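Chemist: Here you go, one structure.
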Amino acid sequence: MKFGVLQFPGSCDEVDALQAARHVGDAELIWYGDKDLKGADAIIVPGGFSYGDYLRAGAIARFSPAMESVVAFANGGGLVLGICNGFQVLCEAHLLPGALLPNANRRFTSRQVQLEVIRADSRFTCACAGGQRLSIPAKHSWGRYYASEQTLDEMERAGQLVLRYAPGENFNGSLRDIAGVCNEAGNVFGLMPHPEHAVDELTGSTDGLAIFESMRLALKDSRV
Amino acid sequence: MIRARVLIRPKAGILDPQGEAVERALPALGFTGAANVHIGRLVELDVEDPQQLEPMCEKLLANPLIEDYEVQLLDAGS
Amino acid sequence: MIRARVLIRPKAGILDPQGEAVERALPALGFTGAANVHIGRLVELDVEDPQQLEPMCEKLLANPLIEDYEVQLLDAGS
Amino acid sequence: MSSATLPSLQDALALGLTHAEYELICEKHGGPPNRLELAMYSLLWSEHCAYKHSKKLLRTLPTEGPTVVMGPGENAGVVDVGGGLVCAFKVESHNHPSAVEPFQGAATGVGGILRDIFALGARPIAVLNSLRFGEPSSERSRYLLDHAVSGIGHYGNSIGVPTVGGEVYFEGPYEQNCLVNAMALGLCAREQIVRSAASGVGNLVVLFGARTGRDGIGGASVLASAEFGEADEDKRPTVQVGDPFEESKLLECSLELVAAGLLVCLQDLGAAGLTSSAAEMASKGGVGLDLHVDRVPLREADMEPFEVMVSESQERMLCVVEPKNVPMVLELCEKWEVNASAIGQVTDSGRIRVFQAERLIGDMPVVALVDECPLYDLEPAKPQRQLYAPSRPTLERGASLARTLLALIGSPNLASRRPLFEQYDSIVQSRTVARPGQADAAVLKLADGGALAVSIDGNGRRVAADPYWGTVAVVLECAANLACVGAQPLGATNNLNFGNPEKPHIAWQLTEAVRGLGDACRALQTPIVGGNVSLYNEAAQGGPIYPTPVIGMVGRMPDASRACGLGFRREGDAIALAGEFKPSLAASELAKLLGEELPDGLPEIEIDLVAVSLLAVREAVRSGELSSAHDIAEGGLAVALSECCLAGGVGARVTVPAAEPLSALFGEAAGGFVLSGPADVLERLGTSTNLRVIGEVGGQTLQIEHSDGLLECSLEQMMQASGSLGELFP
Ligand SMILES: Nc1ncnc2c1ncn2[C@@H]1O[C@H](COP(=O)(O)OP(=O)(O)O)[C@@H](O)[C@H]1O
Ligand SMILES: [Mg+2]
């Protein structure tokens, strides 16, 4: 399988995402100005500070030519993973419900966090066990997940709440400790912590690999 | 060109930690009796067509899910 | 209580990277003819004594070295 | 040539030149310079650019060695790391801008040092910082700290370069003059390095990056023509504001230009902006440059030529391009949404000539600008009495040892730095093996399985007590940090932060410190490949800062997976005290808490013996048999032990038999290590260095048996004490 990793001016973690994706398949960078997704089977919108995070994190990047193609790709059922700034971009693009607000602690915070897998049957977590804990770093200043109570209830019912911060780990103030959510169709997923920075024991942990591996498995199944 | 101002505020009911922090910091500096502090964004710009301001806010300047905005037209632009 | 609004803007001549980034982005979204875009902060609060607003801006709300501020008094507080 | 009248001697003095210097400028220039020219001379003849009070001293430093690819003189030093790769690194100060506006000052400090790295064609892979503030009891110091840390994080995080280490100390003498030093390192293929010497008559000079505004015009504004008037607010020199987004585009764009082989030379714009970049480029290449100020893209339309030439607007680079490559250069810049314009040409005139609308408005010999500023000899004299007042005591004499330990752990200089480094992205780029707080040096893995290690250190108070031995100790500490992760030094950089060198006692501090720096680096065979000097850090009230040489060292290790952390890891491991450790309370952290006077001099250090233990520790770590390694620094052995416990989340029981428990437990000196691992491994290590097994890892408390009894603190107590800096970040 092949991942396409978007690259915006100001992206920071695109090469990390590229390398992480290569643990499970091929991966290639896609320049934000290009509409051609280069035949990717899945898209990663990476972390960083697209357009400097100016105005609102993700607000400007959402309008790029590549994002237009990603929206079409997602609407056609393609797998899209948004990490950190990528999550913000997907929310701004309305591919995911809700929005990300400045951290409740008002500071950029970089910390290894423990996550709990709420849904182990999603296309992004099917390589995990239900309730499994993942140790993955988070680093952001706009990570407080927000959606209206009604939306959150609906999302919960529809199984869209996929990852949450373990007790005591939610430094950004996300509602219901939400760390990662998917869309109703289950093919678009965003999370604030950085699974691409948890793929090597030497640099911290390998728990993030499960996200990429899940995507590979989901794609393989869909092809059978 | 017309000079315009857009005031963007956090929607009521959404936690505004920056506003709260300012509210907490004020008494220590000797300013008592301040309340309901909220912090938002101010965008000022010249536009040719003021009709564009509303869609500009909806699409880019504000995120209507979490923010309210108010457009003010000022005098002719600089 | 009096409701007050403080508009805080980058001082003239001081680099405003946010404003520049937004100005650059607008044409791609189909909004042409916007210019002189500047982004600042908006603080709204209730105060008992409006005389305190000026020193409040100097000490906490604004950074007078790089920002200008403008105080507006609105109607009696919410 | 210029319509305005020529500036006067008074103007020259206001710009910081001396009477004699002004006369020399007139002589070398062939008559009095006009306003634009004087602005340019005054900057290039400033301490900052000309190093007129330090250059002679710097020449005494060891700058050569088998690893050195490029020593001092270029934008950054470069060392060979093997496998065709080189590492470029440098430390630089942004003290004054940070004192004025700490967020932007610190942010642009990071931005500036990063440009020095990618100006060489190297991709920045890490930044570190070294900070000094007054005591945190001062509101201003807390403000400076909070905003400087945010600024560093803002820039480094946004640009995607990890902040992997640093240090911060709080001492009264920095109250009026905070220090913000930033260090960066970058990697590049050896044959890719670009230099900054302009060449090729007829080649074009291209300025790219942000537009030019009135940022940081500072002192030069005295030259503004009369019609602007002092009351004109808008024309005031303005604070430099950093734009990390612009720099991230500039960085990628620069590296692509270099990789495509489109540049003859590349140079960043730093202090003194276009003036110093252009003059240095011309000087290094032995050529002249014609520059057209009206072709410089401006942020404000009405700037005067001298303002354009001296502006310190951030995020700009200057390069020389062959005419045939200019279209491709402009195209690549456009891809990255970076402004670029050809603003001039390389000539064989040997002069910098400035034009406005094709009219010649400034014409100076490059040699006069760059090479003819006089270098001064210092007149050092050891001061008769102590320059610095003791700190206010915060711990009572005779406090119990447990209370003393907790007071030290919780003191601002020793408490956990977590509240700071959590504001930095330390992991982007996926190289970070040891994150801040995990090991004594940051460890950055390389593709070959090995790693680079890097540490930055300084200790102004000890240098104030003894500029020579204090500086030696700083170098040894930096090397000890590298040894603890198993790295061998490849090279060092330094930042000399001092007071006014024209005063004999400061000259003495500076001279002694540089002598110590040179001797220590020679003994460790670690060349100094670059650095920076920041003088005149002195307030009208409050006097000079502590003399603060800051050393950054980069090392290499063959196997990243064998890097030791500082935390104890396994219950039952033996704990050893290793090295030539002769603790003394002189100028120690404990002495500070007790409010003691600074002593006149520190105990001598047997550098060669310390070097032997550094080697032994490094080899032991590399063998992969140790569980942890930590050097003993501020707060002495007891504090080092508690740090090992806290980092590992496990207690320890040790015995320290010594006649004087206070100095044995809390005394400081270079060359001591706390190691843990299997007892037999430690005993074997004892054959190559001084080593004593003193106890065992285990439990939930730190117990130290000493000649007067038992010191016992729980992990919980120590954790709480060490969390004291949290309050500084409300
Ligand atoms: N303390 C020092 N030790 C060694 N080299 C130094 C020191 N201070 C400055 N240098 C060297 O002098 C040159 C000029 O420094 P600087 O003006 O800071 O460079 P830049 O303008 O590129 O930032 C550099 O090559 C730098 O490494
Ligand atoms: Mg430079």
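Residue numbering restarts at 1 for every chain of the structure tokens, chains are lettered A, B, ... in their displayed order, and ligands are numbered from 1 as they appear.
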Which residues form the shell of 6 Å around ligand 1 when you count only C-alpha atoms and all ligand atoms, given as an MDAnalysis selection string?

Modeler: chainID D and resid 49 58 72:76 116 270 494:496 530:533

Chemist: Please return as an MDAnalysis selection string the residues found within 10 Å of ligand 2, counting only C-alpha atoms and all ligand atoms.

Modeler: chainID D and resid 73:76 90 92 112:120 196 266:271 276:277 280 317

Chemist: When the cut-off is 10 Å and we count only C-alpha atoms, which residues of chain A are near chain B, given as a PyMOL selection string?

Modeler: chain A and resi 55-56+59-60+62-63+92-93+97-106+146-148+173

Chemist: Residues near Asp46 (chain C), anyone? I mean within 10 Å using only C-alpha atoms, not counting same-chain ones fewer than 4 positions away, as a count of residues only.

Modeler: 17

Chemist: Once you count only C-alpha atoms, what closest atom pair and distance in Å to one decimal does each residue of chain A within 7 Å of chain D have, with rows by chain and rising residue number, as a tab-separated table?

Modeler:
residue	atom	partner	partner_atom	distance
A:Pro9	CA	D:Lys249	CA	6.3
A:Gly10	CA	D:Phe245	CA	5.7
A:Cys12	CA	D:Gly160	CA	4.6
A:Asp13	CA	D:Val428	CA	6.4
A:Asp16	CA	D:Gln429	CA	6.0
A:Gly48	CA	D:Ser158	CA	6.8
A:Phe49	CA	D:Ser158	CA	5.6
A:Tyr51	CA	D:Phe245	CA	6.3
A:Gly52	CA	D:Phe245	CA	4.7
A:Arg107	CA	D:Gln423	CA	6.8
A:Phe108	CA	D:Gln423	CA	5.2
A:Thr109	CA	D:Gln423	CA	4.9
A:Ser110	CA	D:Glu422	CA	4.9
A:Arg111	CA	D:Glu422	CA	6.5
A:Lys139	CA	D:Asp425	CA	6.4
A:His197	CA	D:Ser430	CA	6.5
A:Leu202	CA	D:Val433	CA	5.8
A:Thr203	CA	D:Val433	CA	4.5

Chemist: So how far away is CA of Cys253 (chain D) from CA of Val320 (chain D), in Å?

Modeler: 15.0 Å

Chemist: One decimal, Å: what's the distance from CA of Gln72 (chain C) over to CA of Ala12 (chain C), could you say?

Modeler: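 CA of Gln72 (chain C) sits 20.0 Å away from CA of Ala12 (chain C).
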
Chemist: Could you tell me which of C:Met56, C:Val47, C:Val6, C:Val71 comes closest to Gly30 (chain B) if we count only C-alpha atoms?

Modeler: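 Closest residue, counting only C-alpha atoms: C:Met56.
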
Chemist: So what do you get for CA of Ile545 (chain D) versus CA of Tyr174 (chain D), distance-wise?

Modeler: 5.4 Å

Chemist: Define the interface residues of chain D facing chain C as those within 12 Å, counting only C-alpha atoms, and report them as a VMD selection string.

Modeler: chain D and resid 97 100 to 104 143 147 210 to 217 232 to 247 298 to 303 312 to 315 337 to 338

Chemist: Output N, CA and C atoms for every residue in that selection, as a compact mmCIF listing (two decimals), in the first residue's frame.

Modeler:
# COMPACT_ATOMS: atom_id res chain seq x y z
N PRO D 97 18.48 42.38 23.22
CA PRO D 97 17.09 42.37 22.73
C PRO D 97 16.15 41.63 23.69
N VAL D 100 15.02 43.80 26.52
CA VAL D 100 14.04 44.80 26.11
C VAL D 100 12.67 44.14 25.89
N GLU D 101 12.66 43.06 25.13
CA GLU D 101 11.40 42.38 24.82
C GLU D 101 11.70 40.88 24.83
N PRO D 102 11.50 40.21 25.97
CA PRO D 102 12.02 38.85 26.13
C PRO D 102 11.44 37.83 25.15
N PHE D 103 10.17 37.94 24.83
CA PHE D 103 9.59 36.94 23.92
C PHE D 103 10.23 37.06 22.55
N GLN D 104 10.17 38.25 21.97
CA GLN D 104 10.73 38.42 20.63
C GLN D 104 12.25 38.33 20.65
N TYR D 143 9.07 37.59 34.84
CA TYR D 143 8.50 38.00 33.56
C TYR D 143 9.47 37.66 32.42
N HIS D 147 8.61 34.84 29.51
CA HIS D 147 8.49 35.24 28.11
C HIS D 147 9.65 34.75 27.25
N ALA D 210 12.29 37.74 4.07
CA ALA D 210 11.32 38.76 4.47
C ALA D 210 11.66 40.12 3.89
N ARG D 211 10.65 40.96 3.81
CA ARG D 211 10.89 42.33 3.39
C ARG D 211 11.58 43.09 4.53
N THR D 212 12.21 44.20 4.15
CA THR D 212 13.02 44.95 5.10
C THR D 212 12.20 46.07 5.74
N GLY D 213 12.20 46.09 7.05
CA GLY D 213 11.51 47.17 7.77
C GLY D 213 12.48 47.88 8.70
N ARG D 214 11.93 48.69 9.59
CA ARG D 214 12.82 49.46 10.47
C ARG D 214 13.17 48.69 11.74
N ASP D 215 13.33 47.39 11.64
CA ASP D 215 13.59 46.61 12.85
C ASP D 215 15.00 46.81 13.36
N GLY D 216 15.12 47.03 14.64
CA GLY D 216 16.42 47.04 15.29
C GLY D 216 17.39 48.06 14.74
N ILE D 217 16.89 49.19 14.31
CA ILE D 217 17.82 50.19 13.78
C ILE D 217 18.59 50.83 14.91
N ASP D 232 8.45 62.12 15.99
CA ASP D 232 7.73 61.26 15.06
C ASP D 232 7.78 59.80 15.50
N GLU D 233 6.74 59.41 16.20
CA GLU D 233 6.64 58.08 16.80
C GLU D 233 6.98 56.96 15.82
N ASP D 234 6.37 57.06 14.64
CA ASP D 234 6.45 55.95 13.70
C ASP D 234 7.88 55.68 13.24
N LYS D 235 8.73 56.66 13.36
CA LYS D 235 10.08 56.49 12.82
C LYS D 235 11.04 55.94 13.86
N ARG D 236 10.51 55.69 15.03
CA ARG D 236 11.40 55.18 16.08
C ARG D 236 11.93 53.82 15.69
N PRO D 237 13.15 53.51 16.09
CA PRO D 237 13.65 52.18 15.82
C PRO D 237 12.74 51.16 16.49
N THR D 238 12.51 50.07 15.83
CA THR D 238 11.52 49.16 16.37
C THR D 238 12.12 47.82 16.75
N VAL D 239 11.38 47.17 17.61
CA VAL D 239 11.75 45.84 18.08
C VAL D 239 11.71 44.85 16.91
N GLN D 240 12.69 43.97 16.89
CA GLN D 240 12.67 42.93 15.86
C GLN D 240 11.65 41.88 16.25
N VAL D 241 10.76 41.60 15.31
CA VAL D 241 9.76 40.57 15.55
C VAL D 241 10.11 39.37 14.67
N GLY D 242 10.07 38.20 15.26
CA GLY D 242 10.42 37.00 14.51
C GLY D 242 9.21 36.39 13.85
N ASP D 243 9.43 35.77 12.72
CA ASP D 243 8.36 35.07 12.01
C ASP D 243 8.87 33.68 11.65
N PRO D 244 8.68 32.72 12.55
CA PRO D 244 9.22 31.39 12.30
C PRO D 244 8.65 30.74 11.05
N PHE D 245 7.45 31.12 10.68
CA PHE D 245 6.86 30.57 9.46
C PHE D 245 7.67 31.02 8.25
N GLU D 246 8.00 32.30 8.22
CA GLU D 246 8.83 32.81 7.13
C GLU D 246 10.17 32.09 7.12
N GLU D 247 10.72 31.88 8.33
CA GLU D 247 12.04 31.24 8.37
C GLU D 247 11.95 29.78 7.96
N LEU D 298 10.80 46.53 0.53
CA LEU D 298 10.62 47.18 1.83
C LEU D 298 9.24 46.88 2.42
N ARG D 299 9.22 46.90 3.72
CA ARG D 299 7.94 46.76 4.41
C ARG D 299 7.29 48.13 4.57
N GLU D 300 8.13 49.15 4.64
CA GLU D 300 7.64 50.52 4.76
C GLU D 300 8.29 51.33 3.66
N ALA D 301 7.47 52.03 2.91
CA ALA D 301 7.95 52.64 1.68
C ALA D 301 8.99 53.74 1.92
N ASP D 302 8.85 54.46 3.02
CA ASP D 302 9.62 55.69 3.15
C ASP D 302 10.94 55.52 3.89
N MET D 303 11.57 54.38 3.76
CA MET D 303 12.82 54.20 4.51
C MET D 303 13.99 54.91 3.84
N GLU D 312 17.80 45.43 10.88
CA GLU D 312 18.02 44.05 11.33
C GLU D 312 16.75 43.23 11.20
N SER D 313 15.96 43.52 10.20
CA SER D 313 14.77 42.69 9.97
C SER D 313 15.21 41.23 9.85
N GLN D 314 14.42 40.38 10.44
CA GLN D 314 14.77 38.96 10.53
C GLN D 314 14.44 38.21 9.24
N GLU D 315 14.83 36.95 9.22
CA GLU D 315 14.44 36.02 8.15
C GLU D 315 14.84 36.49 6.76
N GLU D 337 7.26 30.59 -1.75
CA GLU D 337 6.62 31.85 -1.37
C GLU D 337 7.57 32.73 -0.57
N VAL D 338 8.79 32.81 -1.08
CA VAL D 338 9.81 33.64 -0.45
C VAL D 338 10.15 34.77 -1.44

Chemist: Within 12 Å of Asp26 (chain A), counting only C-alpha atoms, which residues qualify if same-chain residues fewer than 5 places away don't, as a compact mmCIF listing (two decimals) with N, CA, C and O atoms, in the first residue's frame?

Modeler:
# COMPACT_ATOMS: atom_id res chain seq x y z
N MET A 1 0.83 -1.20 0.00
CA MET A 1 0.00 0.00 0.00
C MET A 1 0.86 1.25 0.00
O MET A 1 2.03 1.20 0.35
N LYS A 2 0.27 2.35 -0.37
CA LYS A 2 1.05 3.59 -0.44
C LYS A 2 0.35 4.72 0.30
O LYS A 2 -0.82 4.98 0.08
N PHE A 3 1.13 5.36 1.18
CA PHE A 3 0.63 6.55 1.90
C PHE A 3 1.07 7.80 1.15
O PHE A 3 2.21 7.87 0.67
N GLY A 4 0.21 8.78 1.11
CA GLY A 4 0.62 10.10 0.64
C GLY A 4 0.63 11.03 1.84
O GLY A 4 -0.35 11.08 2.60
N VAL A 5 1.75 11.72 2.04
CA VAL A 5 1.87 12.62 3.20
C VAL A 5 1.89 14.06 2.69
O VAL A 5 2.79 14.43 1.94
N ALA A 17 6.38 11.55 9.63
CA ALA A 17 5.21 10.75 9.25
C ALA A 17 5.55 9.84 8.08
O ALA A 17 5.14 8.67 8.02
N LEU A 18 6.33 10.37 7.15
CA LEU A 18 6.75 9.59 5.98
C LEU A 18 7.53 8.36 6.43
O LEU A 18 7.27 7.23 6.01
N GLN A 19 8.49 8.60 7.34
CA GLN A 19 9.32 7.49 7.81
C GLN A 19 8.49 6.49 8.60
O GLN A 19 8.67 5.28 8.46
N ALA A 20 7.56 6.99 9.39
CA ALA A 20 6.73 6.09 10.19
C ALA A 20 5.86 5.23 9.28
O ALA A 20 5.75 4.01 9.45
N ALA A 21 5.27 5.86 8.27
CA ALA A 21 4.39 5.12 7.35
C ALA A 21 5.18 4.05 6.62
O ALA A 21 4.65 2.98 6.30
N LYS A 38 -1.09 11.32 -6.37
CA LYS A 38 -0.07 10.34 -6.75
C LYS A 38 -0.48 8.90 -6.50
O LYS A 38 0.36 8.06 -6.14
N GLY A 39 -1.74 8.63 -6.62
CA GLY A 39 -2.21 7.25 -6.47
C GLY A 39 -2.10 6.69 -5.07
O GLY A 39 -2.05 5.46 -4.89
N ALA A 40 -2.05 7.56 -4.07
CA ALA A 40 -1.93 7.07 -2.69
C ALA A 40 -3.20 6.32 -2.27
O ALA A 40 -4.31 6.67 -2.68
N ASP A 41 -3.02 5.27 -1.46
CA ASP A 41 -4.16 4.52 -0.94
C ASP A 41 -4.68 5.13 0.35
O ASP A 41 -5.79 4.84 0.79
N ALA A 42 -3.84 5.91 0.98
CA ALA A 42 -4.26 6.56 2.23
C ALA A 42 -3.48 7.86 2.33
O ALA A 42 -2.34 7.96 1.85
N ILE A 43 -4.10 8.84 2.97
CA ILE A 43 -3.48 10.16 3.07
C ILE A 43 -3.19 10.47 4.53
O ILE A 43 -4.00 10.19 5.42
N PHE A 212 -0.62 2.99 12.17
CA PHE A 212 -0.27 2.80 10.75
C PHE A 212 -0.59 1.36 10.32
O PHE A 212 -1.08 1.12 9.22
N ARG A 216 -3.10 -0.22 7.37
CA ARG A 216 -2.71 -1.23 6.38
C ARG A 216 -3.70 -2.39 6.39
O ARG A 216 -4.17 -2.83 5.34
